[in-house]
file data22.cif (mmCIF, C-alpha atoms)
data_data
loop_
_atom_site.label_atom_id
_atom_site.label_comp_id
_atom_site.auth_asym_id
_atom_site.auth_seq_id
_atom_site.Cartn_x
_atom_site.Cartn_y
_atom_site.Cartn_z
CA MET A 15 81.61 -38.25 42.88
CA ARG A 16 78.79 -37.28 45.22
CA THR A 17 78.96 -33.71 43.96
CA ALA A 18 78.89 -34.75 40.32
CA ARG A 19 75.82 -36.96 40.89
CA LYS A 20 73.99 -34.06 42.53
CA SER A 21 74.68 -31.82 39.52
CA TRP A 22 73.39 -34.50 37.15
CA LYS A 23 70.17 -34.84 39.13
CA THR A 24 69.67 -31.07 39.08
CA TYR A 25 70.20 -31.00 35.32
CA ALA A 26 67.73 -33.90 34.79
CA LEU A 27 65.06 -32.17 36.82
CA GLY A 28 65.60 -29.00 34.85
CA VAL A 29 65.13 -30.81 31.54
CA ALA A 30 61.95 -32.48 32.81
CA ALA A 31 60.52 -29.12 33.89
CA ILE A 32 61.27 -27.57 30.54
CA ALA A 33 59.63 -30.52 28.74
CA ALA A 34 56.52 -30.21 30.90
CA LEU A 35 56.36 -26.49 30.21
CA LEU A 36 56.64 -27.01 26.44
CA SER A 37 53.95 -29.69 26.54
CA SER A 38 51.59 -27.33 28.41
CA THR A 39 52.22 -24.52 25.90
CA ALA A 40 51.50 -26.81 22.95
CA CYS A 41 48.14 -27.83 24.42
CA GLN A 42 47.13 -24.23 24.92
CA SER A 43 48.05 -23.23 21.34
CA GLY A 44 45.85 -26.06 19.96
CA GLY A 45 42.78 -24.84 21.89
CA ALA A 46 41.37 -23.01 18.84
CA ASP A 47 40.70 -26.35 17.17
CA ASP A 48 38.56 -27.79 19.95
CA GLY A 49 35.37 -26.08 18.65
CA LYS A 50 34.72 -24.15 21.88
CA SER A 51 35.98 -20.70 20.85
CA PRO A 52 33.59 -18.06 19.18
CA THR A 53 33.29 -18.36 15.39
CA ALA A 54 31.99 -16.12 12.59
CA SER A 55 28.65 -17.94 12.69
CA GLY A 56 27.53 -15.51 15.36
CA SER A 57 27.92 -12.56 12.98
CA PRO A 58 25.45 -11.40 10.25
CA SER A 59 25.67 -13.55 7.12
CA ALA A 60 27.49 -12.03 4.16
CA THR A 61 24.86 -13.35 1.78
CA GLY A 62 22.21 -10.90 2.95
CA VAL A 63 18.70 -11.40 4.31
CA PRO A 64 16.51 -13.79 2.29
CA THR A 65 13.76 -12.09 0.28
CA PRO A 66 10.18 -13.42 0.28
CA SER A 67 10.99 -15.48 -2.82
CA GLY A 68 13.80 -17.22 -0.93
CA THR A 69 16.57 -15.59 -2.94
CA PRO A 70 19.22 -13.63 -1.01
CA SER A 71 18.97 -9.88 -1.27
CA THR A 72 21.63 -8.09 -3.30
CA ALA A 73 22.71 -5.91 -0.39
CA GLY A 74 20.55 -2.91 -1.26
CA THR A 75 19.36 -0.82 1.67
CA ALA A 76 15.68 0.13 1.71
CA GLN A 77 14.90 3.83 1.82
CA PRO A 78 12.19 5.29 4.09
CA GLY A 79 8.82 5.29 2.42
CA GLY A 80 9.74 2.54 -0.02
CA GLY A 81 11.86 4.84 -2.17
CA GLY A 82 14.18 2.18 -3.57
CA THR A 83 17.59 1.04 -2.40
CA THR A 84 21.02 2.52 -2.05
CA GLY A 85 22.68 -0.58 -3.46
CA PRO A 86 22.00 -2.82 -6.47
CA SER A 87 18.51 -4.25 -6.69
CA GLN A 88 16.91 -7.00 -8.69
CA SER A 89 14.42 -6.19 -11.41
CA SER A 90 10.83 -6.82 -10.41
CA GLY A 91 10.12 -8.27 -13.84
CA GLY A 92 6.99 -6.16 -14.21
CA SER A 93 6.13 -3.84 -17.07
CA SER A 94 7.38 -0.28 -16.88
CA ALA A 95 4.96 2.62 -16.59
CA ASP A 96 5.30 5.65 -18.80
CA PRO A 97 5.71 9.21 -17.38
CA GLY A 98 2.07 10.00 -18.06
CA GLY A 99 0.82 7.33 -15.68
CA GLY A 100 0.01 4.74 -18.24
CA ASP A 101 1.41 1.23 -18.67
CA THR A 102 3.48 0.78 -21.85
CA THR A 103 2.11 -2.76 -22.28
CA ILE A 104 -1.52 -1.59 -22.50
CA ALA A 105 -2.73 -1.24 -26.09
CA ALA A 106 -4.54 1.77 -27.50
CA CYS A 107 -8.33 1.44 -27.62
CA ASN A 108 -9.96 0.89 -31.00
CA ASP A 109 -13.41 0.30 -32.47
CA ASN A 110 -13.40 -3.32 -31.28
CA ASP A 111 -12.94 -2.33 -27.62
CA LEU A 112 -15.52 0.38 -27.09
CA SER A 113 -19.19 1.23 -27.13
CA ILE A 114 -19.95 4.93 -27.71
CA ASP A 115 -22.86 6.89 -26.25
CA THR A 116 -23.78 10.54 -26.72
CA SER A 117 -25.70 12.84 -24.41
CA GLY A 118 -26.27 16.52 -23.74
CA TRP A 119 -26.88 18.86 -20.81
CA ARG A 120 -30.16 20.37 -19.73
CA GLN A 121 -30.63 24.08 -20.42
CA ASP A 122 -27.65 24.00 -22.77
CA SER A 123 -29.54 24.63 -26.04
CA GLY A 124 -27.55 21.88 -27.73
CA GLN A 125 -24.28 23.81 -27.79
CA HIS A 126 -22.27 20.94 -26.26
CA LEU A 127 -22.17 17.17 -26.60
CA LEU A 128 -20.75 14.54 -24.27
CA ILE A 129 -19.10 11.46 -25.78
CA THR A 130 -18.87 8.48 -23.39
CA ALA A 131 -16.64 5.54 -24.30
CA THR A 132 -17.17 2.28 -22.36
CA ASN A 133 -14.70 -0.59 -22.51
CA PHE A 134 -16.78 -3.74 -23.09
CA THR A 135 -13.82 -6.16 -23.36
CA ASP A 136 -12.06 -8.16 -20.64
CA LYS A 137 -8.78 -6.23 -20.90
CA ALA A 138 -7.67 -2.65 -20.31
CA CYS A 139 -6.96 -0.22 -23.12
CA THR A 140 -5.88 3.42 -23.35
CA LEU A 141 -7.62 6.33 -25.07
CA TYR A 142 -4.71 8.57 -26.07
CA HIS A 143 -4.90 12.32 -26.57
CA TYR A 144 -8.26 13.42 -28.03
CA PRO A 145 -10.76 11.76 -30.41
CA TYR A 146 -10.79 12.55 -34.11
CA VAL A 147 -14.25 13.97 -34.75
CA ARG A 148 -15.79 14.92 -38.09
CA PHE A 149 -19.44 15.83 -38.72
CA GLY A 150 -21.77 14.57 -41.41
CA THR A 151 -20.03 14.05 -44.74
CA ASP A 152 -17.00 16.17 -43.80
CA ILE A 153 -13.80 14.50 -44.98
CA GLY A 154 -11.49 17.34 -44.04
CA ALA A 155 -9.36 17.79 -40.92
CA PRO A 156 -10.86 16.58 -37.64
CA VAL A 157 -12.17 18.99 -35.01
CA SER A 158 -9.39 20.89 -33.22
CA PRO A 159 -8.70 20.09 -29.55
CA MET A 160 -9.19 22.40 -26.59
CA GLU A 161 -6.39 23.09 -24.15
CA SER A 162 -7.66 20.37 -21.84
CA LYS A 163 -4.91 17.80 -21.33
CA PRO A 164 -5.63 15.61 -18.27
CA ARG A 165 -3.09 14.84 -15.55
CA ALA A 166 -2.86 11.22 -16.72
CA ILE A 167 -3.75 9.37 -19.88
CA ALA A 168 -7.17 7.71 -19.98
CA THR A 169 -6.58 4.01 -19.39
CA ILE A 170 -9.85 2.15 -18.80
CA GLY A 171 -10.37 -1.40 -17.60
CA PRO A 172 -13.32 -3.66 -18.38
CA LYS A 173 -16.66 -1.79 -18.06
CA GLU A 174 -14.87 1.46 -17.18
CA LYS A 175 -15.58 4.74 -18.95
CA ALA A 176 -13.75 7.72 -20.40
CA TYR A 177 -15.21 10.99 -21.62
CA ALA A 178 -14.67 13.69 -24.20
CA GLY A 179 -16.72 16.83 -24.62
CA LEU A 180 -17.63 18.70 -27.81
CA PHE A 181 -18.39 22.38 -28.20
CA VAL A 182 -20.45 22.55 -31.41
CA PHE A 183 -21.72 26.10 -31.90
CA ARG A 184 -22.08 29.56 -30.41
CA ALA A 185 -25.23 31.66 -30.59
CA GLY A 186 -25.32 33.83 -33.70
CA GLN A 187 -23.03 31.62 -35.78
CA LYS A 188 -24.00 30.16 -39.13
CA THR A 189 -24.74 26.47 -38.54
CA THR A 190 -25.59 23.19 -40.25
CA THR A 191 -27.58 20.28 -38.82
CA VAL A 192 -26.22 16.72 -38.70
CA THR A 193 -27.54 13.43 -37.30
CA SER A 194 -24.20 11.61 -37.04
CA PHE A 195 -20.48 12.13 -36.74
CA SER A 196 -17.36 10.06 -37.33
CA LEU A 197 -14.97 9.09 -34.55
CA GLY A 198 -11.34 7.98 -34.73
CA TYR A 199 -8.74 7.08 -32.12
CA GLN A 200 -5.08 7.93 -31.71
CA ASP A 201 -2.13 5.76 -30.75
CA ARG A 202 0.53 6.70 -28.21
CA ALA A 203 2.20 9.09 -30.67
CA PRO A 204 0.33 12.40 -31.01
CA ASN A 205 -1.58 12.93 -34.27
CA SER A 206 -1.28 9.25 -35.19
CA ASN A 207 -3.73 7.07 -37.13
CA THR A 208 -4.92 9.92 -39.33
CA ASP A 209 -5.22 7.49 -42.25
CA VAL A 210 -7.43 4.99 -40.37
CA ALA A 211 -11.07 4.99 -41.45
CA PRO A 212 -13.18 6.51 -38.65
CA LEU A 213 -16.28 4.88 -37.22
CA ASP A 214 -19.64 6.44 -38.04
CA ILE A 215 -21.56 7.23 -34.83
CA ARG A 216 -25.31 7.70 -34.83
CA LEU A 217 -26.49 10.21 -32.27
CA SER A 218 -28.61 8.90 -29.42
CA ASP A 219 -32.38 9.28 -29.34
CA GLU A 220 -31.90 11.84 -26.59
CA VAL A 221 -29.79 14.08 -28.82
CA GLU A 222 -31.24 13.22 -32.29
CA SER A 223 -29.35 15.96 -34.15
CA LEU A 224 -26.57 18.49 -33.75
CA THR A 225 -26.37 22.08 -34.86
CA VAL A 226 -22.73 22.60 -35.79
CA GLY A 227 -21.04 25.94 -36.17
CA PRO A 228 -17.85 26.83 -38.07
CA THR A 229 -15.42 26.30 -35.14
CA PRO A 230 -16.33 23.19 -33.15
CA ARG A 231 -13.75 21.88 -30.68
CA VAL A 232 -13.21 18.74 -28.61
CA THR A 233 -11.60 18.01 -25.23
CA TYR A 234 -8.96 15.38 -24.57
CA TRP A 235 -10.12 12.01 -23.29
CA ASN A 236 -10.47 11.97 -19.52
CA THR A 237 -11.70 9.43 -16.98
CA ASP A 238 -12.97 12.31 -14.82
CA LEU A 239 -16.34 13.56 -16.09
CA ARG A 240 -16.25 16.67 -13.90
CA ALA A 241 -12.89 17.67 -15.36
CA VAL A 242 -14.33 17.40 -18.88
CA GLU A 243 -17.28 19.58 -17.88
CA ASP A 244 -14.97 22.17 -16.32
CA PHE A 245 -12.95 22.43 -19.53
CA LEU A 246 -16.06 22.45 -21.69
CA PHE A 247 -18.03 25.16 -19.88
CA ARG A 248 -15.39 27.43 -18.45
CA SER A 249 -15.06 30.91 -19.89
CA GLY A 250 -13.23 31.08 -23.22
CA ASN A 251 -13.88 27.52 -24.37
CA SER A 252 -17.35 28.08 -25.73
#
call {"tool": "encode", "arguments": {"input": "data22.cif", "output": "structure tokens"}}
result
Amino acid sequence: MRTARKSWKTYALGVAAIAALLSSTACQSGGADDGKSPTASGSPSATGVPTPSGTPSTAGTAQPGGGGTTGPSQSSGGSSADPGGGDTTIAACNDNDLSIDTSGWRQDSGQHLLITATNFTDKACTLYHYPYVRFGTDIGAPVSPMESKPRAIATIGPKEKAYAGLFVFRAGQKTTTVTSFSLGYQDRAPNSNTDVAPLDIRLSDEVESLTVGPTPRVTYWNTDLRAVEDFLFRSGNS
């Protein structure tokens, strides 16, 4: 009987030890729920870095020099610019936007004329291509353009200017004298607005009259006066 009681005590102690061990293991396995272990909050957010507007970025990666992103990007909402450097939302200039002045060059003998267009409105407009110029009572085709296309179209803001130059005659040519000319403007499409009535321009007091030969030519509109002069006076254009 003494031996049997000893075996029972040994068995009871063994069961108690096993129960204690299981209890300890269960506590350890529940440790992840106590809030003390590392969580994903320490990692970068999956929603991206907030933009200045407060909206999360769409995971695009900025390129060096501001050259766009490698991932999707949100539209800026602005107007798109055309390949020629002009904004597609800016209207073509017309008679109601511009004041026109004429002037000449000293020691030029009246062979060239400068047309200066000034935007007197409170909004920008674009002078496309070259002006339609006709002299006196001429109702035929406008003066042909020179090979003088500028690097960018001539968009002018309020009080800004654009220029076009006219070659009117060469020494020895048969000429006629006029005191005015007509001026028309093109839209974005080349050779547009040919059926629009041109505006009659009186020459300035400085110029008074023009001696026009059989092959006058005009430059494209340009916001750079020096570029117009280079085209107008370089060899082969006059």
call {"tool": "closest_residue", "arguments": {"input": "data22.cif", "among": "A:Thr116, A:Asn108, A:Ser162, A:Thr190", "to": "Arg248 in chain A", "atoms": "all atoms listed in the file"}}
result
A:Ser162
call {"tool": "resolve_selection", "arguments": {"input": "data22.cif", "expression": "the PyMOL selection byres ((chain A and resi 239) around 10)", "output": "mmCIF file with C-alpha atoms, in the coordinates of the input"}}
result
data_model
loop_
_atom_site.group_PDB
_atom_site.id
_atom_site.type_symbol
_atom_site.label_atom_id
_atom_site.label_comp_id
_atom_site.auth_asym_id
_atom_site.auth_seq_id
_atom_site.Cartn_x
_atom_site.Cartn_y
_atom_site.Cartn_z
ATOM 1 C CA LEU A 128 -20.750 14.540 -24.270
ATOM 2 C CA THR A 130 -18.870 8.480 -23.390
ATOM 3 C CA LYS A 175 -15.580 4.740 -18.950
ATOM 4 C CA ALA A 176 -13.750 7.720 -20.400
ATOM 5 C CA TYR A 177 -15.210 10.990 -21.620
ATOM 6 C CA ALA A 178 -14.670 13.690 -24.200
ATOM 7 C CA GLY A 179 -16.720 16.830 -24.620
ATOM 8 C CA TRP A 235 -10.120 12.010 -23.290
ATOM 9 C CA ASN A 236 -10.470 11.970 -19.520
ATOM 10 C CA THR A 237 -11.700 9.430 -16.980
ATOM 11 C CA ASP A 238 -12.970 12.310 -14.820
ATOM 12 C CA ARG A 240 -16.250 16.670 -13.900
ATOM 13 C CA ALA A 241 -12.890 17.670 -15.360
ATOM 14 C CA VAL A 242 -14.330 17.400 -18.880
ATOM 15 C CA GLU A 243 -17.280 19.580 -17.880
ATOM 16 C CA ASP A 244 -14.970 22.170 -16.320
#
call {"tool": "closest_residue", "arguments": {"input": "data22.cif", "among": "A:Gln200, A:Thr140, A:Ser218, A:Thr233", "to": "Ala166 in chain A", "atoms": "all atoms listed in the file"}}
result
A:Thr140
call {"tool": "residues_near_point", "arguments": {"input": "data22.cif", "point": "(-6.5, -0.9, -24.1)", "cutoff": "7 Å", "atoms": "all atoms listed in the file", "output": "MDAnalysis selection string"}}
result
chainID A and resid 104:107 137:140 169:170
call {"tool": "atom_distance", "arguments": {"input": "data22.cif", "atom1": "CA of Tyr146 in chain A", "atom2": "CA of Ser117 in chain A"}}
result
17.8 Å
call {"tool": "atom_distance", "arguments": {"input": "data22.cif", "atom1": "CA of Leu213 in chain A", "atom2": "CA of Thr193 in chain A"}}
result
14.1 Å
call {"tool": "atom_distance", "arguments": {"input": "data22.cif", "atom1": "CA of Phe183 in chain A", "atom2": "CA of Phe247 in chain A"}}
result
12.6 Å
call {"tool": "closest_residue", "arguments": {"input": "data22.cif", "among": "A:Ile114, A:Ala131, A:Val147, A:Ile167", "to": "Asp201 in chain A", "atoms": "all atoms listed in the file"}}
result
A:Ile167
call {"tool": "closest_residue", "arguments": {"input": "data22.cif", "among": "A:Thr132, A:Asn110, A:Ser123, A:Thr229", "to": "Glu174 in chain A", "atoms": "all atoms listed in the file"}}
result
A:Thr132
call {"tool": "decode", "arguments": {"input": "data22.cif", "residues": "range 195-222 of chain A", "atoms": "N, CA and C atoms", "output": "mmCIF file, in the first residue's frame"}}
result
data_model
loop_
_atom_site.group_PDB
_atom_site.id
_atom_site.type_symbol
_atom_site.label_atom_id
_atom_site.label_comp_id
_atom_site.auth_asym_id
_atom_site.auth_seq_id
_atom_site.Cartn_x
_atom_site.Cartn_y
_atom_site.Cartn_z
ATOM 1 N N PHE A 195 -2.293 101.110 -96.365
ATOM 2 C CA PHE A 195 -2.310 99.695 -96.732
ATOM 3 C C PHE A 195 -3.350 98.996 -95.886
ATOM 4 N N SER A 196 -3.761 97.821 -96.304
ATOM 5 C CA SER A 196 -4.734 97.055 -95.508
ATOM 6 C C SER A 196 -4.020 95.931 -94.789
ATOM 7 N N LEU A 197 -4.552 95.577 -93.607
ATOM 8 C CA LEU A 197 -3.900 94.592 -92.754
ATOM 9 C C LEU A 197 -4.939 93.586 -92.256
ATOM 10 N N GLY A 198 -4.630 92.308 -92.407
ATOM 11 C CA GLY A 198 -5.485 91.244 -91.906
ATOM 12 C C GLY A 198 -4.688 90.265 -91.064
ATOM 13 N N TYR A 199 -5.399 89.490 -90.242
ATOM 14 C CA TYR A 199 -4.747 88.578 -89.307
ATOM 15 C C TYR A 199 -5.195 87.145 -89.552
ATOM 16 N N GLN A 200 -4.290 86.218 -89.269
ATOM 17 C CA GLN A 200 -4.590 84.802 -89.447
ATOM 18 C C GLN A 200 -4.956 84.141 -88.117
ATOM 19 N N ASP A 201 -5.702 83.046 -88.226
ATOM 20 C CA ASP A 201 -5.957 82.187 -87.080
ATOM 21 C C ASP A 201 -4.835 81.166 -86.957
ATOM 22 N N ARG A 202 -5.036 80.203 -86.076
ATOM 23 C CA ARG A 202 -4.040 79.153 -85.839
ATOM 24 C C ARG A 202 -3.704 78.366 -87.108
ATOM 25 N N ALA A 203 -4.702 78.086 -87.924
ATOM 26 C CA ALA A 203 -4.479 77.360 -89.179
ATOM 27 C C ALA A 203 -3.813 78.277 -90.194
ATOM 28 N N PRO A 204 -2.758 77.826 -90.864
ATOM 29 C CA PRO A 204 -2.107 78.664 -91.874
ATOM 30 C C PRO A 204 -3.067 79.058 -92.991
ATOM 31 N N ASN A 205 -2.884 80.269 -93.502
ATOM 32 C CA ASN A 205 -3.678 80.780 -94.621
ATOM 33 C C ASN A 205 -5.170 80.838 -94.306
ATOM 34 N N SER A 206 -5.496 81.106 -93.051
ATOM 35 C CA SER A 206 -6.891 81.213 -92.633
ATOM 36 C C SER A 206 -7.351 82.663 -92.677
ATOM 37 N N ASN A 207 -8.654 82.866 -92.587
ATOM 38 C CA ASN A 207 -9.267 84.192 -92.549
ATOM 39 C C ASN A 207 -9.041 85.015 -93.820
ATOM 40 N N THR A 208 -8.880 84.353 -94.934
ATOM 41 C CA THR A 208 -8.655 85.098 -96.180
ATOM 42 C C THR A 208 -9.903 85.865 -96.616
ATOM 43 N N ASP A 209 -11.076 85.455 -96.104
ATOM 44 C CA ASP A 209 -12.318 86.114 -96.502
ATOM 45 C C ASP A 209 -12.758 87.205 -95.530
ATOM 46 N N VAL A 210 -11.935 87.470 -94.494
ATOM 47 C CA VAL A 210 -12.258 88.511 -93.520
ATOM 48 C C VAL A 210 -11.803 89.863 -94.046
ATOM 49 N N ALA A 211 -12.660 90.859 -93.955
ATOM 50 C CA ALA A 211 -12.320 92.188 -94.459
ATOM 51 C C ALA A 211 -11.125 92.749 -93.699
ATOM 52 N N PRO A 212 -10.065 93.164 -94.390
ATOM 53 C CA PRO A 212 -8.896 93.703 -93.695
ATOM 54 C C PRO A 212 -9.151 95.118 -93.182
ATOM 55 N N LEU A 213 -8.299 95.527 -92.257
ATOM 56 C CA LEU A 213 -8.392 96.865 -91.685
ATOM 57 C C LEU A 213 -7.502 97.817 -92.476
ATOM 58 N N ASP A 214 -8.038 98.987 -92.806
ATOM 59 C CA ASP A 214 -7.260 99.984 -93.542
ATOM 60 C C ASP A 214 -6.362 100.739 -92.560
ATOM 61 N N ILE A 215 -5.065 100.770 -92.843
ATOM 62 C CA ILE A 215 -4.079 101.389 -91.957
ATOM 63 C C ILE A 215 -3.500 102.630 -92.632
ATOM 64 N N ARG A 216 -3.676 103.769 -91.996
ATOM 65 C CA ARG A 216 -3.034 104.984 -92.482
ATOM 66 C C ARG A 216 -1.587 105.000 -92.023
ATOM 67 N N LEU A 217 -0.699 105.368 -92.898
ATOM 68 C CA LEU A 217 0.711 105.451 -92.538
ATOM 69 C C LEU A 217 0.939 106.589 -91.545
ATOM 70 N N SER A 218 1.947 106.432 -90.720
ATOM 71 C CA SER A 218 2.249 107.452 -89.714
ATOM 72 C C SER A 218 2.782 108.715 -90.375
ATOM 73 N N ASP A 219 2.758 109.811 -89.607
ATOM 74 C CA ASP A 219 3.289 111.072 -90.123
ATOM 75 C C ASP A 219 4.765 110.945 -90.456
ATOM 76 N N GLU A 220 5.455 110.087 -89.748
ATOM 77 C CA GLU A 220 6.885 109.878 -90.003
ATOM 78 C C GLU A 220 7.111 109.275 -91.386
ATOM 79 N N VAL A 221 6.240 108.354 -91.776
ATOM 80 C CA VAL A 221 6.425 107.656 -93.051
ATOM 81 C C VAL A 221 5.728 108.394 -94.192
ATOM 82 N N GLU A 222 4.500 108.834 -93.998
ATOM 83 C CA GLU A 222 3.664 109.588 -94.934
ATOM 84 C C GLU A 222 3.247 108.779 -96.157
#
